[in-house]
Amino acid sequence: MARAPITPAALAARPMLFASGEEAYVASAVRRSWEVPDGADPDWADAVVAGLQPGERALCALSFAAGAPGLAHVVAGAEHALQRPEVDATVARTYEVTEFPTPDEYAAMVEAALAKIATGALHKVVLGRCLDVVSTPPLVPAEIIDRLLTTRPGRYVFSVPLGAAEADGPILVGASPELLVRREGAVISCTPLAGSVPRSADAAEDLRRAGELQRSAKDLAEHAFVVEAIVHALKDVCVEIEYPATPELLSTDTVWHLATPIHARLADPVDGPSALRLAQLLHPTPAVGGVPTAAANAVIADLEGGLRDWFAGCVGWVDRHGDGEFAVTIRAAVMDGPRLRLFAGAGIVAGSDPAAEVRETGAKLATMARVTGLP
(Lines give C-alpha, C1' and ligand atoms only; values in the text may rest on other atoms or scores of the structure.)
Protein backbone atom coordinates (compact mmCIF):
# COMPACT_ATOMS: atom_id res chain seq x y z
CA MET A 1 0.00 0.00 0.00
CA ALA A 2 1.44 3.38 -1.01
CA ARG A 3 2.20 5.78 1.83
CA ALA A 4 0.78 9.30 1.68
CA PRO A 5 3.67 11.69 0.96
CA ILE A 6 4.46 14.59 3.26
CA THR A 7 7.05 17.37 2.97
CA PRO A 8 9.02 18.80 5.92
CA ALA A 9 7.18 22.12 5.51
CA ALA A 10 3.90 20.34 6.29
CA LEU A 11 5.18 19.03 9.62
CA ALA A 12 4.21 20.53 12.98
CA ALA A 13 6.32 23.33 14.45
CA ARG A 14 7.81 20.80 16.90
CA PRO A 15 7.67 17.64 14.79
CA MET A 16 7.84 14.11 16.14
CA LEU A 17 8.98 11.54 13.62
CA PHE A 18 11.23 8.57 13.05
CA ALA A 19 12.13 7.55 9.51
CA SER A 20 13.77 4.33 8.41
CA GLY A 21 14.81 4.56 4.78
CA GLU A 22 12.11 6.20 2.71
CA GLU A 23 9.29 5.62 5.19
CA ALA A 24 8.63 7.83 8.20
CA TYR A 25 6.27 7.46 11.13
CA VAL A 26 4.94 10.97 11.77
CA ALA A 27 3.00 11.75 14.95
CA SER A 28 -0.23 13.68 14.49
CA ALA A 29 -1.37 13.70 18.12
CA VAL A 30 0.44 13.44 21.46
CA ARG A 31 -1.43 11.50 24.14
CA ARG A 32 1.11 12.02 26.93
CA SER A 33 4.83 12.48 27.60
CA TRP A 34 6.71 10.53 30.24
CA GLU A 35 10.24 11.40 31.41
CA VAL A 36 12.07 9.37 34.06
CA PRO A 37 15.33 10.12 35.90
CA ASP A 38 16.85 6.79 34.81
CA GLY A 39 16.24 5.76 31.22
CA ALA A 40 17.65 2.28 31.96
CA ASP A 41 14.78 1.50 34.38
CA PRO A 42 13.21 -1.74 33.07
CA ASP A 43 9.95 -1.18 34.96
CA TRP A 44 9.49 2.15 33.16
CA ALA A 45 10.09 0.50 29.77
CA ASP A 46 7.61 -2.26 30.52
CA ALA A 47 5.03 0.27 31.74
CA VAL A 48 5.43 2.36 28.56
CA VAL A 49 4.67 -0.64 26.35
CA ALA A 50 1.88 -1.97 28.59
CA GLY A 51 0.12 1.41 28.51
CA LEU A 52 0.00 1.71 24.73
CA GLN A 53 -3.40 1.44 23.08
CA PRO A 54 -4.21 0.24 19.54
CA GLY A 55 -2.91 2.76 17.02
CA GLU A 56 -0.40 4.27 19.45
CA ARG A 57 3.38 4.21 19.52
CA ALA A 58 5.92 5.57 21.96
CA LEU A 59 8.66 7.73 20.44
CA CYS A 60 11.55 7.40 22.88
CA ALA A 61 14.99 8.82 23.59
CA LEU A 62 17.56 7.51 26.07
CA SER A 63 20.55 9.50 27.31
CA PHE A 64 24.10 8.16 27.15
CA ALA A 65 25.16 7.98 30.78
CA ALA A 66 24.08 5.45 33.38
CA GLY A 67 21.36 6.90 35.59
CA ALA A 68 20.58 9.65 33.04
CA PRO A 69 17.04 10.50 31.86
CA GLY A 70 14.79 8.62 29.49
CA LEU A 71 11.83 10.09 27.62
CA ALA A 72 8.77 8.59 25.91
CA HIS A 73 6.10 10.47 23.96
CA VAL A 74 2.96 8.36 23.50
CA VAL A 75 1.57 9.37 20.13
CA ALA A 76 -0.86 8.52 17.37
CA GLY A 77 0.26 8.95 13.79
CA ALA A 78 0.81 7.31 10.44
CA GLU A 79 3.48 6.16 8.04
CA HIS A 80 4.38 8.67 5.31
CA ALA A 81 6.83 8.91 2.47
CA LEU A 82 8.95 11.96 3.33
CA GLN A 83 9.56 14.17 0.31
CA ARG A 84 11.61 17.27 -0.31
CA PRO A 85 9.59 20.27 -1.52
CA GLU A 86 10.14 21.31 -5.12
CA VAL A 87 10.94 24.89 -4.05
CA ASP A 88 13.99 25.58 -1.90
CA ALA A 89 12.76 27.71 1.01
CA THR A 90 16.20 28.31 2.54
CA VAL A 91 16.39 31.57 4.49
CA ALA A 92 19.49 33.81 4.38
CA ARG A 93 21.23 33.67 7.77
CA THR A 94 24.30 34.72 9.65
CA TYR A 95 26.11 32.22 11.88
CA GLU A 96 28.30 32.31 14.96
CA VAL A 97 30.25 29.04 15.33
CA THR A 98 32.05 27.79 18.45
CA GLU A 99 34.07 24.57 18.50
CA PHE A 100 34.70 22.88 21.85
CA PRO A 101 36.91 21.39 22.87
CA THR A 102 39.24 22.90 20.27
CA PRO A 103 41.14 20.51 17.95
CA ASP A 104 44.27 20.92 20.10
CA GLU A 105 42.32 20.29 23.30
CA TYR A 106 40.68 17.24 21.75
CA ALA A 107 44.07 15.86 20.66
CA ALA A 108 45.23 16.25 24.28
CA MET A 109 42.14 14.31 25.43
CA VAL A 110 43.08 11.50 23.03
CA GLU A 111 46.63 11.48 24.41
CA ALA A 112 45.25 11.20 27.95
CA ALA A 113 43.02 8.29 26.91
CA LEU A 114 45.95 6.53 25.22
CA ALA A 115 47.91 6.83 28.46
CA LYS A 116 45.04 5.09 30.29
CA ILE A 117 44.94 2.38 27.63
CA ALA A 118 48.70 1.83 27.99
CA THR A 119 48.20 0.93 31.68
CA GLY A 120 45.92 -1.96 30.69
CA ALA A 121 42.94 -0.55 32.61
CA LEU A 122 41.14 0.29 29.38
CA HIS A 123 40.92 -1.26 25.90
CA LYS A 124 38.78 1.30 24.08
CA VAL A 125 37.04 4.59 24.79
CA VAL A 126 34.98 6.89 22.58
CA LEU A 127 35.68 10.59 23.05
CA GLY A 128 33.59 13.36 21.54
CA ARG A 129 33.57 17.06 20.84
CA CYS A 130 30.91 19.62 19.97
CA LEU A 131 30.09 22.46 17.65
CA ASP A 132 27.65 25.20 18.64
CA VAL A 133 25.99 27.10 15.78
CA VAL A 134 23.96 30.20 16.68
CA SER A 135 21.85 31.33 13.73
CA THR A 136 20.17 34.66 13.00
CA PRO A 137 17.29 34.29 12.33
CA PRO A 138 16.95 30.98 14.21
CA LEU A 139 16.73 27.71 12.30
CA VAL A 140 13.44 25.80 12.41
CA PRO A 141 13.06 21.99 12.66
CA ALA A 142 11.36 21.62 9.25
CA GLU A 143 14.35 23.24 7.56
CA ILE A 144 16.79 20.91 9.33
CA ILE A 145 14.72 17.84 8.40
CA ASP A 146 14.53 19.11 4.83
CA ARG A 147 18.33 19.25 4.60
CA LEU A 148 18.73 15.89 6.35
CA LEU A 149 16.60 14.34 3.63
CA THR A 150 18.81 15.98 1.01
CA THR A 151 22.24 15.11 2.44
CA ARG A 152 21.03 11.90 4.18
CA PRO A 153 24.01 11.41 6.52
CA GLY A 154 22.19 8.36 7.88
CA ARG A 155 19.22 6.10 7.16
CA TYR A 156 17.39 6.90 10.40
CA VAL A 157 15.99 10.45 10.39
CA PHE A 158 14.42 11.58 13.66
CA SER A 159 12.92 14.57 15.45
CA VAL A 160 11.96 14.24 19.12
CA PRO A 161 11.22 17.12 21.56
CA LEU A 162 13.26 16.76 24.76
CA GLY A 163 10.43 17.59 27.12
CA ALA A 164 6.70 18.14 26.97
CA ALA A 165 5.64 18.10 23.33
CA GLU A 166 3.51 21.23 23.57
CA ALA A 167 6.12 23.35 25.38
CA ASP A 168 8.99 25.36 23.99
CA GLY A 169 12.34 23.73 24.56
CA PRO A 170 15.08 21.69 22.94
CA ILE A 171 14.45 19.24 20.10
CA LEU A 172 16.69 16.30 19.22
CA VAL A 173 17.08 15.99 15.44
CA GLY A 174 19.40 13.94 13.28
CA ALA A 175 20.00 11.23 10.72
CA SER A 176 21.83 8.30 12.27
CA PRO A 177 23.55 5.68 10.12
CA GLU A 178 23.61 3.15 12.96
CA LEU A 179 20.84 0.69 13.89
CA LEU A 180 21.03 -0.20 17.56
CA VAL A 181 18.20 -2.75 17.43
CA ARG A 182 15.05 -3.61 15.52
CA ARG A 183 12.41 -6.06 16.70
CA GLU A 184 9.86 -7.50 14.26
CA GLY A 185 7.98 -10.22 16.12
CA ALA A 186 10.67 -12.65 17.22
CA VAL A 187 13.25 -11.41 14.68
CA ILE A 188 16.00 -9.16 16.07
CA SER A 189 18.44 -7.11 13.98
CA CYS A 190 21.41 -4.90 14.90
CA THR A 191 23.98 -3.15 12.67
CA PRO A 192 26.80 -1.76 14.83
CA LEU A 193 29.31 0.67 13.33
CA ALA A 194 32.85 1.08 14.63
CA GLY A 195 36.00 1.98 12.77
CA SER A 196 35.74 4.80 10.25
CA VAL A 197 37.68 7.08 7.93
CA PRO A 198 36.76 10.39 6.23
CA ARG A 199 35.78 10.08 2.57
CA SER A 200 37.54 11.88 -0.30
CA ALA A 201 36.05 13.85 -3.19
CA ASP A 202 38.53 12.08 -5.47
CA ALA A 203 37.03 8.72 -6.51
CA ALA A 204 40.33 6.83 -6.62
CA GLU A 205 41.45 8.19 -3.25
CA ASP A 206 38.01 7.43 -1.79
CA LEU A 207 38.27 3.77 -2.82
CA ARG A 208 41.83 3.59 -1.51
CA ARG A 209 40.67 4.86 1.89
CA ALA A 210 37.80 2.35 1.97
CA GLY A 211 40.16 -0.53 1.22
CA GLU A 212 42.65 0.68 3.80
CA LEU A 213 39.88 0.80 6.41
CA GLN A 214 38.94 -2.82 5.69
CA ARG A 215 42.58 -3.84 6.24
CA SER A 216 43.28 -1.63 9.27
CA ALA A 217 44.22 -3.76 12.29
CA LYS A 218 43.39 -0.85 14.60
CA ASP A 219 39.90 -0.34 13.15
CA LEU A 220 39.14 -4.06 12.92
CA ALA A 221 40.06 -4.45 16.59
CA GLU A 222 37.87 -1.47 17.52
CA HIS A 223 34.99 -2.98 15.55
CA ALA A 224 35.41 -6.42 17.11
CA PHE A 225 34.96 -4.97 20.62
CA VAL A 226 31.51 -3.70 19.62
CA VAL A 227 30.32 -6.86 17.88
CA GLU A 228 31.47 -9.06 20.77
CA ALA A 229 29.66 -6.88 23.32
CA ILE A 230 26.36 -6.92 21.39
CA VAL A 231 26.48 -10.67 20.74
CA HIS A 232 27.26 -11.29 24.42
CA ALA A 233 24.26 -9.17 25.51
CA LEU A 234 21.91 -10.81 22.99
CA LYS A 235 22.79 -14.29 24.26
CA ASP A 236 20.79 -13.57 27.41
CA VAL A 237 17.53 -13.25 25.47
CA CYS A 238 18.13 -14.62 21.95
CA VAL A 239 18.95 -17.78 20.03
CA GLU A 240 20.20 -18.35 16.47
CA ILE A 241 22.55 -15.34 16.58
CA GLU A 242 24.21 -14.95 13.19
CA TYR A 243 26.72 -12.43 11.84
CA PRO A 244 29.52 -12.41 9.23
CA ALA A 245 33.09 -13.17 10.24
CA THR A 246 34.36 -9.89 8.80
CA PRO A 247 32.68 -6.46 8.74
CA GLU A 248 31.20 -4.81 5.66
CA LEU A 249 31.69 -1.27 4.41
CA LEU A 250 28.91 1.28 4.94
CA SER A 251 29.21 4.78 3.52
CA THR A 252 27.64 8.14 4.33
CA ASP A 253 28.30 11.35 2.43
CA THR A 254 31.45 12.12 4.46
CA VAL A 255 32.56 8.91 6.20
CA TRP A 256 33.31 5.23 5.48
CA HIS A 257 32.30 2.91 8.35
CA LEU A 258 32.91 -0.72 9.19
CA ALA A 259 29.52 -2.38 9.79
CA THR A 260 28.39 -5.85 10.89
CA PRO A 261 24.75 -6.93 10.40
CA ILE A 262 23.68 -9.15 13.30
CA HIS A 263 20.48 -11.23 13.19
CA ALA A 264 18.88 -13.31 15.95
CA ARG A 265 15.57 -14.68 17.24
CA LEU A 266 14.04 -14.08 20.65
CA ALA A 267 14.32 -17.14 22.87
CA ASP A 268 10.82 -16.34 24.18
CA PRO A 269 8.79 -14.80 21.34
CA VAL A 270 5.71 -14.36 23.58
CA ASP A 271 7.13 -12.77 26.74
CA GLY A 272 10.52 -11.69 25.42
CA PRO A 273 11.78 -8.10 25.79
CA SER A 274 10.26 -5.27 23.80
CA ALA A 275 12.30 -3.15 21.41
CA LEU A 276 12.62 -0.54 24.18
CA ARG A 277 13.88 -3.13 26.69
CA LEU A 278 16.33 -4.45 24.09
CA ALA A 279 17.59 -0.90 23.55
CA GLN A 280 18.16 -0.60 27.30
CA LEU A 281 19.90 -3.99 27.34
CA LEU A 282 22.33 -3.08 24.53
CA HIS A 283 22.91 0.62 25.19
CA PRO A 284 25.53 1.99 25.43
CA THR A 285 27.56 -0.28 23.16
CA PRO A 286 31.34 0.11 22.87
CA ALA A 287 30.61 1.98 19.61
CA VAL A 288 29.77 5.04 21.75
CA GLY A 289 31.23 4.06 25.14
CA GLY A 290 34.15 1.70 25.43
CA VAL A 291 35.62 -1.48 26.93
CA PRO A 292 35.41 -2.26 29.81
CA THR A 293 32.20 -0.28 30.14
CA ALA A 294 32.70 1.08 33.67
CA ALA A 295 36.31 2.12 33.06
CA ALA A 296 35.43 3.75 29.73
CA ASN A 297 32.49 5.65 31.23
CA ALA A 298 34.74 6.96 34.01
CA VAL A 299 37.28 8.23 31.46
CA ILE A 300 34.49 9.83 29.39
CA ALA A 301 33.12 11.62 32.45
CA ASP A 302 36.61 12.79 33.41
CA LEU A 303 37.72 14.02 29.98
CA GLU A 304 34.42 15.15 28.42
CA GLY A 305 32.60 16.36 31.52
CA GLY A 306 28.90 16.91 30.81
CA LEU A 307 29.36 17.27 27.07
CA ARG A 308 27.09 14.43 25.91
CA ASP A 309 23.71 14.71 27.60
CA TRP A 310 21.34 13.13 24.99
CA PHE A 311 24.09 12.67 22.40
CA ALA A 312 25.40 9.12 21.85
CA GLY A 313 22.21 7.79 23.43
CA CYS A 314 19.51 6.10 21.37
CA VAL A 315 16.24 7.17 19.79
CA GLY A 316 13.37 5.26 18.21
CA TRP A 317 9.89 3.83 18.69
CA VAL A 318 8.02 0.90 20.18
CA ASP A 319 4.42 -0.27 19.75
CA ARG A 320 2.06 -2.16 22.07
CA HIS A 321 3.23 -5.51 20.68
CA GLY A 322 6.82 -4.71 21.64
CA ASP A 323 7.97 -4.29 18.06
CA GLY A 324 10.05 -1.23 17.20
CA GLU A 325 13.31 0.22 16.01
CA PHE A 326 16.07 2.23 17.74
CA ALA A 327 19.04 4.05 16.24
CA VAL A 328 22.15 5.26 18.01
CA THR A 329 21.95 9.04 18.50
CA ILE A 330 24.86 10.03 16.28
CA ARG A 331 24.88 12.54 13.40
CA ALA A 332 22.54 14.42 15.69
CA ALA A 333 21.90 17.93 16.92
CA VAL A 334 19.95 19.56 19.72
CA MET A 335 18.00 22.65 18.63
CA ASP A 336 17.29 25.12 21.42
CA GLY A 337 16.11 28.54 20.27
CA PRO A 338 18.76 30.09 18.02
CA ARG A 339 21.40 27.51 19.03
CA LEU A 340 22.09 24.20 17.34
CA ARG A 341 24.57 21.97 19.19
CA LEU A 342 26.32 19.17 17.26
CA PHE A 343 28.34 16.25 18.66
CA ALA A 344 30.73 13.74 17.12
CA GLY A 345 32.99 11.10 18.62
CA ALA A 346 35.80 8.73 17.67
CA GLY A 347 36.90 5.41 19.11
CA ILE A 348 40.32 5.48 20.78
CA VAL A 349 42.29 2.23 21.02
CA ALA A 350 45.97 1.35 21.27
CA GLY A 351 47.61 2.73 18.13
CA SER A 352 45.15 5.61 17.65
CA ASP A 353 46.68 8.79 16.24
CA PRO A 354 45.40 12.00 17.90
CA ALA A 355 45.66 13.98 14.65
CA ALA A 356 43.68 11.31 12.78
CA GLU A 357 40.97 11.34 15.47
CA VAL A 358 40.71 15.13 15.15
CA ARG A 359 40.19 14.69 11.39
CA GLU A 360 37.63 11.92 11.89
CA THR A 361 35.51 13.91 14.34
CA GLY A 362 35.86 16.95 12.08
CA ALA A 363 34.45 14.99 9.13
CA LYS A 364 31.53 13.77 11.25
CA LEU A 365 30.78 17.29 12.53
CA ALA A 366 30.91 18.56 8.95
CA THR A 367 28.12 16.15 8.03
CA MET A 368 25.70 17.79 10.45
CA ALA A 369 27.08 21.33 10.05
CA ARG A 370 25.80 21.25 6.47
CA VAL A 371 22.20 20.98 7.66
CA THR A 372 22.51 24.43 9.24
CA GLY A 373 23.26 25.94 5.85
CA LEU A 374 26.93 26.48 6.62
CA PRO A 375 29.09 26.02 3.50
# chains A, B, ... in the order shown; residues from 1 in each chain; ligands from 1
>>> select_by_dssp(residues="stretch 34-191 of chain A", states="alpha helix (DSSP H)", output="VMD selection string")
chain A and resid 42 to 50 103 to 118 141 to 151
>>> select_by_dssp(residues="stretch 158-357 of chain A", states="strand (DSSP E or B)", output="PyMOL selection string")
chain A and resi 158-161+171-176+179-184+187-191+193-198+238-242+248-251+255-259+262-266+290-291+314-319+324-328+332-336+339-349
>>> residues_around(residues="stretch 326-335 of chain A", least_positions_apart="6", cutoff="6 Å", atoms="only C-alpha atoms", output="ChimeraX atom specification")
/A:170-176,178-181,311-316,341-342
>>> residues_around(residues="A:Leu59", least_positions_apart="5", cutoff="9 Å", atoms="only C-alpha atoms", output="number ranges by chain")
A: 16-18, 27, 71-75, 160, 315-318
>>> residues_around(residues="A:Val291", least_positions_apart="6", cutoff="8 Å", atoms="only C-alpha atoms", output="JSON, numbers by chain")
{"A": [122, 123, 124, 125, 225]}
>>> residues_around(residues="A:Ala233", least_positions_apart="2", cutoff="12 Å", atoms="only C-alpha atoms", output="list in words")
Val181, Cys190, Val226, Val227, Glu228, Ala229, Ile230, Val231, Lys235, Asp236, Val237, Cys238, Val239, Ile241, Ala264, Leu278, Ala279, Gln280, Leu281, Leu282, His283, Pro284, Thr285 and Pro286 of chain A
>>> residues_around(residues="A:Pro15", least_positions_apart="2", cutoff="8 Å", atoms="only C-alpha atoms", output="mmCIF file with all heavy atoms, in the first residue's frame")
data_model
loop_
_atom_site.group_PDB
_atom_site.id
_atom_site.type_symbol
_atom_site.label_atom_id
_atom_site.label_comp_id
_atom_site.auth_asym_id
_atom_site.auth_seq_id
_atom_site.Cartn_x
_atom_site.Cartn_y
_atom_site.Cartn_z
ATOM 1 N N LEU A 11 5.088 19.582 8.277
ATOM 2 C CA LEU A 11 5.177 19.028 9.623
ATOM 3 C C LEU A 11 4.806 20.082 10.665
ATOM 4 O O LEU A 11 4.825 21.282 10.397
ATOM 5 C CB LEU A 11 6.599 18.525 9.888
ATOM 6 C CG LEU A 11 7.084 17.371 9.011
ATOM 7 C CD1 LEU A 11 8.573 17.137 9.234
ATOM 8 C CD2 LEU A 11 6.298 16.095 9.273
ATOM 9 N N ALA A 12 4.521 19.617 11.879
ATOM 10 C CA ALA A 12 4.214 20.530 12.979
ATOM 11 C C ALA A 12 5.442 21.361 13.324
ATOM 12 O O ALA A 12 6.572 21.032 12.948
ATOM 13 C CB ALA A 12 3.757 19.723 14.196
ATOM 14 N N ALA A 13 5.213 22.448 14.068
ATOM 15 C CA ALA A 13 6.325 23.332 14.448
ATOM 16 C C ALA A 13 7.368 22.598 15.281
ATOM 17 O O ALA A 13 8.558 22.890 15.202
ATOM 18 C CB ALA A 13 5.786 24.538 15.217
ATOM 19 N N LEU A 17 8.943 12.536 14.690
ATOM 20 C CA LEU A 17 8.979 11.538 13.618
ATOM 21 C C LEU A 17 10.198 10.651 13.770
ATOM 22 O O LEU A 17 11.184 11.018 14.399
ATOM 23 C CB LEU A 17 8.963 12.199 12.240
ATOM 24 C CG LEU A 17 10.164 13.048 11.820
ATOM 25 C CD1 LEU A 17 11.249 12.209 11.149
ATOM 26 C CD2 LEU A 17 9.740 14.152 10.860
ATOM 27 N N VAL A 26 5.105 9.573 11.374
ATOM 28 C CA VAL A 26 4.942 10.972 11.771
ATOM 29 C C VAL A 26 3.784 11.062 12.755
ATOM 30 O O VAL A 26 2.657 10.646 12.448
ATOM 31 C CB VAL A 26 4.677 11.871 10.547
ATOM 32 C CG1 VAL A 26 4.521 13.324 10.989
ATOM 33 C CG2 VAL A 26 5.799 11.734 9.532
ATOM 34 N N ALA A 27 4.049 11.599 13.939
ATOM 35 C CA ALA A 27 3.001 11.746 14.951
ATOM 36 C C ALA A 27 2.059 12.882 14.577
ATOM 37 O O ALA A 27 2.499 13.961 14.187
ATOM 38 C CB ALA A 27 3.623 12.008 16.312
ATOM 39 N N PRO A 141 12.906 23.425 12.865
ATOM 40 C CA PRO A 141 13.064 21.988 12.657
ATOM 41 C C PRO A 141 12.771 21.526 11.234
ATOM 42 O O PRO A 141 13.486 20.680 10.696
ATOM 43 C CB PRO A 141 12.067 21.393 13.657
ATOM 44 C CG PRO A 141 11.985 22.402 14.747
ATOM 45 C CD PRO A 141 12.081 23.725 14.051
ATOM 46 N N ALA A 142 11.713 22.069 10.607
ATOM 47 C CA ALA A 142 11.364 21.619 9.255
ATOM 48 C C ALA A 142 12.504 21.848 8.279
ATOM 49 O O ALA A 142 12.750 21.028 7.382
ATOM 50 C CB ALA A 142 10.106 22.338 8.775
ATOM 51 N N SER A 159 13.174 13.286 14.803
ATOM 52 C CA SER A 159 12.916 14.568 15.451
ATOM 53 C C SER A 159 12.071 14.287 16.683
ATOM 54 O O SER A 159 10.935 13.809 16.558
ATOM 55 C CB SER A 159 12.189 15.526 14.502
ATOM 56 O OG SER A 159 11.824 16.722 15.178
ATOM 57 N N VAL A 160 12.639 14.557 17.865
ATOM 58 C CA VAL A 160 11.959 14.238 19.123
ATOM 59 C C VAL A 160 12.160 15.391 20.103
ATOM 60 O O VAL A 160 13.298 15.686 20.490
ATOM 61 C CB VAL A 160 12.509 12.938 19.748
ATOM 62 C CG1 VAL A 160 11.801 12.632 21.066
ATOM 63 C CG2 VAL A 160 12.371 11.765 18.789
ATOM 64 N N PRO A 161 11.084 16.079 20.527
ATOM 65 C CA PRO A 161 11.220 17.117 21.559
ATOM 66 C C PRO A 161 11.745 16.520 22.863
ATOM 67 O O PRO A 161 11.312 15.440 23.287
ATOM 68 C CB PRO A 161 9.792 17.638 21.726
ATOM 69 C CG PRO A 161 9.118 17.319 20.425
ATOM 70 C CD PRO A 161 9.710 16.017 19.992
#
>>> atom_distance(atom1="atom CA of A:Ala245", atom2="atom CA of A:Val187")
20.4 Å
>>> closest_residue(among="A:Ala201, A:Val299, A:Leu276, A:Cys130", to="A:Asp43", atoms="only C-alpha atoms")
A:Leu276
>>> atom_distance(atom1="atom CA of A:Pro192", atom2="atom CA of A:Ala259")
5.8 Å
>>> closest_residue(among="A:Ser189, A:Ser352, A:Thr246, A:Ser196", to="A:Ala275", atoms="only C-alpha atoms")
A:Ser189
